[in-house]
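Note: the block below is structure_22.cif and it holds mmCIF, C-alpha atoms.
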```cif
data_work
#
loop_
_atom_site.label_atom_id
_atom_site.label_comp_id
_atom_site.auth_asym_id
_atom_site.auth_seq_id
_atom_site.Cartn_x
_atom_site.Cartn_y
_atom_site.Cartn_z
CA GLY A 25 48.35 113.12 26.64
CA LEU A 26 51.97 113.82 27.38
CA MET A 27 54.36 110.91 27.30
CA HIS A 28 56.63 110.64 30.32
CA ASP A 29 60.24 109.97 29.35
CA SER A 30 61.61 107.77 32.12
CA ARG A 31 65.03 107.21 30.56
CA VAL A 32 67.89 108.28 32.77
CA LYS A 33 70.88 110.07 31.26
CA ALA A 34 74.04 108.00 31.36
CA VAL A 35 76.42 109.11 34.09
CA MET A 36 79.41 110.75 32.41
CA THR A 37 83.02 111.49 33.30
CA TYR A 38 84.38 114.64 31.71
CA TYR A 39 87.97 115.83 31.48
CA VAL A 40 89.50 119.32 31.70
CA ASP A 41 93.09 120.06 30.63
CA GLY A 42 94.06 123.73 30.71
CA THR A 43 97.21 123.09 28.68
CA ASN A 44 96.05 120.75 25.92
CA GLY A 45 92.26 121.10 26.04
CA ASP A 46 89.84 123.03 23.86
CA ASP A 47 86.33 124.07 24.89
CA ALA A 48 85.12 123.01 21.42
CA ASN A 49 86.08 119.40 22.27
CA ASP A 50 83.63 116.84 23.66
CA GLY A 51 85.16 116.66 27.15
CA SER A 52 86.36 113.06 26.76
CA SER A 53 89.74 111.85 27.97
CA LEU A 54 91.10 112.08 24.40
CA ALA A 55 89.48 115.48 23.70
CA PRO A 56 89.33 117.35 27.02
CA TRP A 57 87.94 120.82 27.57
CA LYS A 58 90.24 123.73 28.40
CA THR A 59 88.19 125.38 31.16
CA VAL A 60 86.49 124.23 34.33
CA GLN A 61 83.57 126.51 33.45
CA ARG A 62 82.96 124.57 30.21
CA ALA A 63 82.63 121.41 32.30
CA ALA A 64 80.43 123.21 34.84
CA ALA A 65 78.10 124.27 32.02
CA THR A 66 77.66 120.65 30.90
CA ALA A 67 77.92 118.32 33.91
CA MET A 68 74.63 117.03 35.30
CA ALA A 69 73.63 115.04 38.40
CA GLY A 70 75.90 112.05 38.92
CA ASP A 71 78.63 113.25 36.56
CA THR A 72 82.30 113.58 37.48
CA VAL A 73 84.74 116.20 36.17
CA LEU A 74 88.43 115.29 36.36
CA ILE A 75 90.73 118.32 36.23
CA ALA A 76 94.30 117.92 34.98
CA PRO A 77 97.20 119.56 36.83
CA GLY A 78 97.91 123.19 36.03
CA THR A 79 96.75 126.67 36.95
CA TYR A 80 93.27 127.69 35.91
CA LYS A 81 92.70 131.45 35.98
CA GLU A 82 88.97 131.19 36.46
CA TYR A 83 86.66 132.72 39.00
CA ASP A 84 82.94 132.54 39.67
CA ILE A 85 82.62 129.05 38.17
CA ALA A 86 78.88 128.47 37.93
CA PRO A 87 77.44 125.00 37.37
CA LYS A 88 74.43 125.13 35.04
CA TYR A 89 72.71 122.06 36.50
CA SER A 90 72.23 120.82 40.04
CA GLY A 91 73.30 117.55 41.52
CA ALA A 92 70.69 115.35 43.16
CA ARG A 93 70.52 113.50 46.45
CA GLY A 94 72.86 110.56 46.03
CA ALA A 95 74.03 111.89 42.64
CA PRO A 96 76.20 114.97 43.16
CA ILE A 97 78.23 116.64 40.43
CA THR A 98 81.80 115.86 41.47
CA PHE A 99 84.82 117.98 40.54
CA LYS A 100 88.15 116.38 41.42
CA ALA A 101 91.81 116.26 40.51
CA LEU A 102 92.78 113.89 37.71
CA ASP A 103 96.06 113.30 39.60
CA PRO A 104 95.59 113.46 43.40
CA ASP A 105 99.37 113.89 43.78
CA ASN A 106 99.49 116.92 41.44
CA LEU A 107 96.49 119.07 42.20
CA PRO A 108 95.17 121.74 39.85
CA ILE A 109 95.24 125.33 41.10
CA LEU A 110 92.16 127.50 40.63
CA GLN A 111 92.83 131.19 40.96
CA GLY A 112 90.66 134.14 40.11
CA THR A 113 91.99 136.71 37.68
#
```
Show me this structure written as structure tokens.
Amino acid sequence: GLMHDSRVKAVMTYYVDGTNGDDANDGSSLAPWKTVQRAAATAMAGDTVLIAPGTYKEYDIAPKYSGARGAPITFKALDPDNLPILQGT
């Protein structure tokens, strides 16, 4: 029969930095991604994406996975006093 894998993925925090990031990075604080879309394509239920200050010329950002009840995918500013700006191109 089929084995049921009951392991739960570790909840992750990912980082986006439009100035110093690279979408080939792993999304960690030391190797952030460049685009919000790269984070949206990776983040899963319970994960948090912290977005560095700057202007992100992105539109139609489409998360690949869904959050879950009690475990949303959260996108928020890395620095609440210096918010990122998302603007379509």
Report task. Write out as an MDAnalysis selection string the residues lying within 9 Å of Gly42 of chain A, counting all atoms listed in the file and excluding same-chain residues fewer than 5 positions away. Result -> chainID A and resid 56:60 75:80
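Atom CA of Ser90 of chain A to atom CA of Leu110 of chain A spans 21.0 Å [interatomic distance, one decimal].
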Which neighbours of Arg93 of chain A fall inside 10 Å, counting all atoms listed in the file, when residues of the same chain fewer than 2 positions from it are skipped, and could you give them as an mmCIF file with C-alpha atoms, keeping the file's coordinate frame?
```cif
data_model
loop_
_atom_site.group_PDB
_atom_site.id
_atom_site.type_symbol
_atom_site.label_atom_id
_atom_site.label_comp_id
_atom_site.auth_asym_id
_atom_site.auth_seq_id
_atom_site.Cartn_x
_atom_site.Cartn_y
_atom_site.Cartn_z
ATOM 1 C CA ALA A 69 73.630 115.040 38.400
ATOM 2 C CA GLY A 70 75.900 112.050 38.920
ATOM 3 C CA SER A 90 72.230 120.820 40.040
ATOM 4 C CA GLY A 91 73.300 117.550 41.520
ATOM 5 C CA ALA A 95 74.030 111.890 42.640
ATOM 6 C CA PRO A 96 76.200 114.970 43.160
#
```
Query raised in the report: Within 9 Å of (80.8, 119.4, 32.9), in the coordinates the file gives, what residues turn up when you count all atoms listed in the file, written out as a VMD selection string?
Result: chain A and resid 36 to 40 51 60 to 68 71 to 73 87 to 88 97 99
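For the pair atom CA of Leu107 of chain A and atom CA of Gly94 of chain A, the interatomic distance is 25.4 Å.
Here atom CA of Asp84 of chain A is placed at a distance of 7.9 Å from atom CA of Gly112 of chain A.
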**Report entry** Counting only C-alpha atoms, the residue of A:Ala92, A:Ala86, A:Leu74, A:Ile109 that sits nearest Asp41 of chain A
**Finding:** A:Leu74
